[in-house]
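Undergrad: Mind looking over this structure? Questions follow.
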Amino acid sequence: MRPLSHSYFELPAADLAPKLLGKIVRKGACAGIIVETEAYATDAASHAFRITPRSAVMRDTYGYWYVYFTYGIHWCANVTCDKYGTCAVLIRAVEPIEGIPIMKRRRGTDVIENLCSGPARFAQAFGITGADSGKPMGGNCGLYDAPEILPEHVVISKRIGITKDTHLPWRFHVRDSPFASR
DNA sequence: CCATAGATGCACT
DNA sequence: GTGCATCTATGGA
């Protein structure tokens with residue numbers, strides 16, 4: 001399994017987000033196919049709207065993990081990108097492929113469709129936390145190459161769970177995937 | 001099926 | 001002190 005070419009991460013988030021659909025994400029014994037992403041740039045909904053110590057990795061890197069804690073409970077995992085800008089792609093849902101028993105144990109459910117169908121569910125199932133933030137792709141945790149999803153199978157819609165700049169069509173998911181969020 | 005409330009803690013203002 | 005790039009349980013139709 002070949003690591004995703006570093007040139008992918010040079011792209012702005014809105015270009016990279018649909019290209020990550022169909023690619024493999026792996027951490028340790030867990031692996032899956034990315035089926036839903038969102039792009040965040042310097043729009044008002046993004047943590048990069050104003051750079052803080054937490055979000056500085058979005059400005060300073062591309063091809064790194066940016067993992068943040070929210071709602072007192074959840075971790076959400078992004079891939080930083082854009083060689084010349086400040087961007088990240090949020091991984092919102094994944095189709096589980098390997099390490100499914102581990103995911104079931106971490107998530108506390110046997111329902112496969114619920115293991116990784118949401119950004120915090122995915123992070124919990126894969127064991128991704130703040131300890132992974134600020135690290136480059138590769139090693140224990142990274143993205144791997146796989147065939148692209150055909151454009152006619154990519155659904156473009158508005159981002160979910162935000163209150164600002166809700167009009168931007170920056171959510172991408174695989175049509176009819178039972179593993180996407182709802 | 002849908003809608004709402006509560007959890008829970010940290011970053012940021 | 002405010003507000004989350006969320007999830008789950010619960011209650012009603």
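Numbering starts fresh at 1 for the residues of each chain in the structure tokens, the chains themselves are lettered A, B, ... in the order given, and ligands are numbered from 1 as they appear.
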Would you give me, as a ChimeraX atom specification, the residues of chain B that come within 12 Å of chain A, using only C-alpha atoms (C1' of nucleotides)?
TA: /B:6-13
Undergrad: Write the residues of the selection above to a file with N, CA and C atoms (P, O5', C5', C4', C3', O3' and C1' of nucleotides), as a PDB file, in the first residue's frame.
TA:
```pdb
ATOM      1  P    DG B   6     -31.822  19.858  29.520  1.00  0.00           P
ATOM      2  O5'  DG B   6     -30.582  18.881  29.731  1.00  0.00           O
ATOM      3  C5'  DG B   6     -30.817  17.474  29.741  1.00  0.00           C
ATOM      4  C4'  DG B   6     -29.494  16.774  29.560  1.00  0.00           C
ATOM      5  C3'  DG B   6     -28.324  17.472  30.258  1.00  0.00           C
ATOM      6  O3'  DG B   6     -27.591  16.493  30.963  1.00  0.00           O
ATOM      7  C1'  DG B   6     -27.812  17.116  27.973  1.00  0.00           C
ATOM      8  P    DA B   7     -26.437  16.897  31.954  1.00  0.00           P
ATOM      9  O5'  DA B   7     -25.198  16.168  31.274  1.00  0.00           O
ATOM     10  C5'  DA B   7     -25.368  14.843  30.799  1.00  0.00           C
ATOM     11  C4'  DA B   7     -24.216  14.503  29.887  1.00  0.00           C
ATOM     12  C3'  DA B   7     -22.852  14.972  30.425  1.00  0.00           C
ATOM     13  O3'  DA B   7     -21.938  13.907  30.342  1.00  0.00           O
ATOM     14  C1'  DA B   7     -23.169  15.724  28.201  1.00  0.00           C
ATOM     15  P    DT B   8     -20.938  13.614  31.492  1.00  0.00           P
ATOM     16  O5'  DT B   8     -19.743  14.608  31.137  1.00  0.00           O
ATOM     17  C5'  DT B   8     -18.986  14.370  29.976  1.00  0.00           C
ATOM     18  C4'  DT B   8     -18.251  15.625  29.580  1.00  0.00           C
ATOM     19  C3'  DT B   8     -17.623  16.392  30.762  1.00  0.00           C
ATOM     20  O3'  DT B   8     -16.243  16.458  30.536  1.00  0.00           O
ATOM     21  C1'  DT B   8     -18.681  17.848  29.245  1.00  0.00           C
ATOM     22  P    DG B   9     -15.274  16.742  31.782  1.00  0.00           P
ATOM     23  O5'  DG B   9     -14.205  17.719  31.122  1.00  0.00           O
ATOM     24  C5'  DG B   9     -13.519  17.328  29.945  1.00  0.00           C
ATOM     25  C4'  DG B   9     -13.064  18.567  29.195  1.00  0.00           C
ATOM     26  C3'  DG B   9     -12.453  19.639  30.097  1.00  0.00           C
ATOM     27  O3'  DG B   9     -11.442  20.320  29.377  1.00  0.00           O
ATOM     28  C1'  DG B   9     -14.163  20.576  28.886  1.00  0.00           C
ATOM     29  P    DC B  10      -9.894  20.027  29.770  1.00  0.00           P
ATOM     30  O5'  DC B  10      -9.151  20.647  28.502  1.00  0.00           O
ATOM     31  C5'  DC B  10      -9.565  20.272  27.201  1.00  0.00           C
ATOM     32  C4'  DC B  10      -9.955  21.496  26.392  1.00  0.00           C
ATOM     33  C3'  DC B  10      -9.034  22.697  26.620  1.00  0.00           C
ATOM     34  O3'  DC B  10      -8.365  22.954  25.410  1.00  0.00           O
ATOM     35  C1'  DC B  10     -11.332  23.334  26.484  1.00  0.00           C
ATOM     36  P    DA B  11      -7.032  23.854  25.395  1.00  0.00           P
ATOM     37  O5'  DA B  11      -7.392  24.888  24.235  1.00  0.00           O
ATOM     38  C5'  DA B  11      -8.164  24.416  23.138  1.00  0.00           C
ATOM     39  C4'  DA B  11      -8.781  25.591  22.415  1.00  0.00           C
ATOM     40  C3'  DA B  11      -7.870  26.811  22.341  1.00  0.00           C
ATOM     41  O3'  DA B  11      -8.014  27.387  21.060  1.00  0.00           O
ATOM     42  C1'  DA B  11      -9.881  27.380  23.484  1.00  0.00           C
ATOM     43  P    DC B  12      -7.042  28.525  20.594  1.00  0.00           P
ATOM     44  O5'  DC B  12      -7.946  29.802  20.848  1.00  0.00           O
ATOM     45  C5'  DC B  12      -9.226  29.863  20.194  1.00  0.00           C
ATOM     46  C4'  DC B  12     -10.070  30.941  20.826  1.00  0.00           C
ATOM     47  C3'  DC B  12      -9.398  32.312  20.929  1.00  0.00           C
ATOM     48  O3'  DC B  12     -10.121  33.213  20.118  1.00  0.00           O
ATOM     49  C1'  DC B  12     -10.601  31.759  22.912  1.00  0.00           C
ATOM     50  P    DT B  13      -9.698  34.769  19.934  1.00  0.00           P
ATOM     51  O5'  DT B  13     -10.736  35.503  20.885  1.00  0.00           O
ATOM     52  C5'  DT B  13     -12.136  35.276  20.708  1.00  0.00           C
ATOM     53  C4'  DT B  13     -12.947  36.145  21.660  1.00  0.00           C
ATOM     54  C3'  DT B  13     -12.468  37.581  21.766  1.00  0.00           C
ATOM     55  O3'  DT B  13     -13.594  38.445  21.846  1.00  0.00           O
ATOM     56  C1'  DT B  13     -12.462  36.597  23.913  1.00  0.00           C
TER      57       DT B  13
END
```
Undergrad: Taking only stretch 39-100 of chain A into account, list the residues labelled strand (DSSP E) by DSSP (computed from the backbone), as a list in words.
TA: Ala39, Tyr40, Trp65, Tyr66, Val67, Tyr68, Phe69, Thr70, His74, Trp75, Cys76, Ala77, Asn78, Val79, Thr80, Cys81, Cys87, Ala88, Val89, Leu90, Ile91, Arg92, Ala93, Val94, Glu95, Pro96, Ile97 and Glu98 of chain A
Undergrad: Go ahead and save the picked residues with N, CA, C and O atoms, as a compact mmCIF listing (two decimals), in the first residue's frame.
TA:
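Saved file again.txt follows:
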```
# COMPACT_ATOMS: atom_id res chain seq x y z
N ALA A 39 -14.21 20.77 3.34
CA ALA A 39 -13.08 21.69 3.18
C ALA A 39 -13.22 22.88 4.11
O ALA A 39 -14.31 23.44 4.28
N TYR A 40 -12.12 23.25 4.74
CA TYR A 40 -12.06 24.46 5.56
C TYR A 40 -10.85 25.28 5.14
O TYR A 40 -9.74 24.77 5.04
N TRP A 65 -1.45 16.22 10.36
CA TRP A 65 -2.70 16.07 11.08
C TRP A 65 -3.00 17.32 11.92
O TRP A 65 -2.11 17.86 12.57
N TYR A 66 -4.25 17.75 11.84
CA TYR A 66 -4.75 18.78 12.77
C TYR A 66 -5.97 18.16 13.47
O TYR A 66 -7.01 17.98 12.85
N VAL A 67 -5.80 17.81 14.73
CA VAL A 67 -6.86 17.14 15.50
C VAL A 67 -7.25 18.05 16.65
O VAL A 67 -6.40 18.49 17.41
N TYR A 68 -8.54 18.36 16.73
CA TYR A 68 -8.99 19.28 17.78
C TYR A 68 -10.09 18.63 18.61
O TYR A 68 -10.77 17.68 18.18
N PHE A 69 -10.24 19.15 19.80
CA PHE A 69 -11.21 18.65 20.80
C PHE A 69 -12.41 19.58 20.83
O PHE A 69 -12.24 20.80 20.81
N THR A 70 -13.61 19.03 20.85
CA THR A 70 -14.78 19.91 20.83
C THR A 70 -15.95 19.31 21.62
O THR A 70 -16.01 18.11 21.87
N HIS A 74 -15.47 15.23 22.17
CA HIS A 74 -15.10 14.64 20.89
C HIS A 74 -13.79 15.17 20.31
O HIS A 74 -13.46 16.34 20.48
N TRP A 75 -13.11 14.29 19.58
CA TRP A 75 -11.98 14.68 18.74
C TRP A 75 -12.42 14.66 17.28
O TRP A 75 -13.21 13.79 16.89
N CYS A 76 -11.89 15.58 16.49
CA CYS A 76 -12.15 15.59 15.05
C CYS A 76 -10.81 15.73 14.32
O CYS A 76 -9.96 16.54 14.71
N ALA A 77 -10.65 14.95 13.26
CA ALA A 77 -9.35 14.86 12.58
C ALA A 77 -9.40 15.53 11.21
O ALA A 77 -10.29 15.25 10.40
N ASN A 78 -8.42 16.40 10.97
CA ASN A 78 -8.25 17.07 9.68
C ASN A 78 -6.87 16.76 9.11
O ASN A 78 -5.93 16.48 9.86
N VAL A 79 -6.78 16.91 7.78
CA VAL A 79 -5.50 16.87 7.09
C VAL A 79 -5.19 18.29 6.61
O VAL A 79 -5.99 18.87 5.87
N THR A 80 -4.07 18.85 7.03
CA THR A 80 -3.74 20.19 6.56
C THR A 80 -3.30 20.12 5.10
O THR A 80 -2.80 19.09 4.64
N CYS A 81 -3.52 21.21 4.38
CA CYS A 81 -3.17 21.23 2.96
C CYS A 81 -2.95 22.65 2.50
O CYS A 81 -2.94 23.58 3.31
N CYS A 87 -5.31 25.92 5.02
CA CYS A 87 -6.46 25.07 4.74
C CYS A 87 -6.35 23.73 5.46
O CYS A 87 -5.27 23.33 5.89
N ALA A 88 -7.50 23.06 5.57
CA ALA A 88 -7.51 21.67 6.05
C ALA A 88 -8.76 20.98 5.52
O ALA A 88 -9.75 21.64 5.20
N VAL A 89 -8.68 19.66 5.44
CA VAL A 89 -9.83 18.85 5.05
C VAL A 89 -10.24 18.01 6.26
O VAL A 89 -9.42 17.26 6.81
N LEU A 90 -11.49 18.16 6.67
CA LEU A 90 -12.05 17.37 7.77
C LEU A 90 -12.51 16.02 7.24
O LEU A 90 -13.28 15.96 6.28
N ILE A 91 -12.03 14.95 7.85
CA ILE A 91 -12.50 13.61 7.48
C ILE A 91 -13.77 13.34 8.28
O ILE A 91 -13.74 13.22 9.50
N ARG A 92 -14.89 13.25 7.58
CA ARG A 92 -16.19 13.16 8.26
C ARG A 92 -16.72 11.74 8.36
O ARG A 92 -17.54 11.47 9.25
N ALA A 93 -16.34 10.87 7.43
CA ALA A 93 -16.86 9.50 7.50
C ALA A 93 -15.97 8.57 6.71
O ALA A 93 -15.36 8.95 5.71
N VAL A 94 -15.92 7.32 7.16
CA VAL A 94 -15.02 6.31 6.61
C VAL A 94 -15.75 4.98 6.58
O VAL A 94 -16.53 4.67 7.49
N GLU A 95 -15.51 4.20 5.52
CA GLU A 95 -16.01 2.83 5.45
C GLU A 95 -14.96 1.91 6.08
O GLU A 95 -13.85 1.80 5.57
N PRO A 96 -15.28 1.24 7.17
CA PRO A 96 -14.29 0.41 7.85
C PRO A 96 -13.86 -0.77 6.98
O PRO A 96 -14.68 -1.41 6.33
N ILE A 97 -12.54 -1.04 6.98
CA ILE A 97 -11.98 -2.14 6.19
C ILE A 97 -11.20 -3.11 7.05
O ILE A 97 -11.38 -4.32 6.97
N GLU A 98 -10.31 -2.59 7.87
CA GLU A 98 -9.48 -3.43 8.74
C GLU A 98 -9.59 -2.95 10.18
O GLU A 98 -9.79 -1.77 10.43
```
Undergrad: Restricting the calculation to only C-alpha atoms (C1' of nucleotides), which member of A:Ala41, A:Val57, A:Ile128, A:Ala180 is positioned closest to chain C?
TA: A:Ala41
Undergrad: Would you give me, as number ranges by chain, the residues in stretch 12-175 of chain A that DSSP reads as helix (DSSP H, G or I)?
TA: A: 13-19, 56-60, 100-107, 112-114, 119-126, 130-132, 151-153
Undergrad: Could you jot down the atom CA of A:Ala45 to atom CA of A:Lys164 separation for me, Å, one decimal place?
TA: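 Computing the Euclidean distance for atom CA of A:Ala45 and atom CA of A:Lys164 yields 5.1 Å.
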Undergrad: Using only C-alpha atoms (C1' of nucleotides), select each residue of chain C with any atom at most 10 Å away from an atom of chain A, and give the selection as an MDAnalysis selection string.
TA: chainID C and resid 3:7
Undergrad: For stretch 135-138 of chain A, work out the shell of residues within 9 Å, counting only C-alpha atoms (C1' of nucleotides) and skipping chain neighbours fewer than 6 positions away, then give it as a list in words.
TA: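 These residues fall inside the cut-off: Pro3, Leu4, His6, Thr61, Tyr62, Gly63, Tyr64, Trp65, Tyr66, Val79 and Tyr144 of chain A.
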Undergrad: Could you please take those selected residues and save N, CA, C and O atoms as a short mmCIF file (atom, residue, chain, number, x, y, z; two decimals), in the first residue's frame?
TA:
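Below is the file that was written, out-v5.cif:
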```cif
data_model
loop_
_atom_site.label_atom_id
_atom_site.label_comp_id
_atom_site.auth_asym_id
_atom_site.auth_seq_id
_atom_site.Cartn_x
_atom_site.Cartn_y
_atom_site.Cartn_z
N PRO A 3 1.87 5.20 0.19
CA PRO A 3 1.41 6.45 0.80
C PRO A 3 0.91 7.42 -0.27
O PRO A 3 1.43 7.44 -1.39
N LEU A 4 -0.06 8.20 0.07
CA LEU A 4 -0.58 9.20 -0.86
C LEU A 4 0.55 10.19 -1.19
O LEU A 4 1.25 10.65 -0.30
N HIS A 6 2.79 13.26 -1.75
CA HIS A 6 2.79 14.52 -0.99
C HIS A 6 2.22 15.66 -1.82
O HIS A 6 1.74 16.66 -1.27
N THR A 61 1.73 24.19 7.94
CA THR A 61 2.04 22.90 7.34
C THR A 61 1.07 22.57 6.21
O THR A 61 0.00 23.16 6.10
N TYR A 62 1.45 21.58 5.43
CA TYR A 62 0.48 20.86 4.58
C TYR A 62 0.89 19.39 4.58
O TYR A 62 2.07 19.07 4.56
N GLY A 63 -0.09 18.50 4.66
CA GLY A 63 0.20 17.08 4.81
C GLY A 63 0.44 16.66 6.24
O GLY A 63 1.09 15.66 6.51
N TYR A 64 -0.12 17.43 7.19
CA TYR A 64 -0.01 17.11 8.61
C TYR A 64 -1.40 16.88 9.19
O TYR A 64 -2.40 17.32 8.63
N TRP A 65 -1.45 16.22 10.36
CA TRP A 65 -2.70 16.07 11.08
C TRP A 65 -3.00 17.32 11.92
O TRP A 65 -2.11 17.86 12.57
N TYR A 66 -4.25 17.75 11.84
CA TYR A 66 -4.75 18.78 12.77
C TYR A 66 -5.97 18.16 13.47
O TYR A 66 -7.01 17.98 12.85
N VAL A 79 -6.78 16.91 7.78
CA VAL A 79 -5.50 16.87 7.09
C VAL A 79 -5.19 18.29 6.61
O VAL A 79 -5.99 18.87 5.87
N TYR A 144 -3.28 6.69 2.28
CA TYR A 144 -2.70 5.79 1.29
C TYR A 144 -3.50 5.84 0.00
O TYR A 144 -4.70 6.12 0.01
#
```
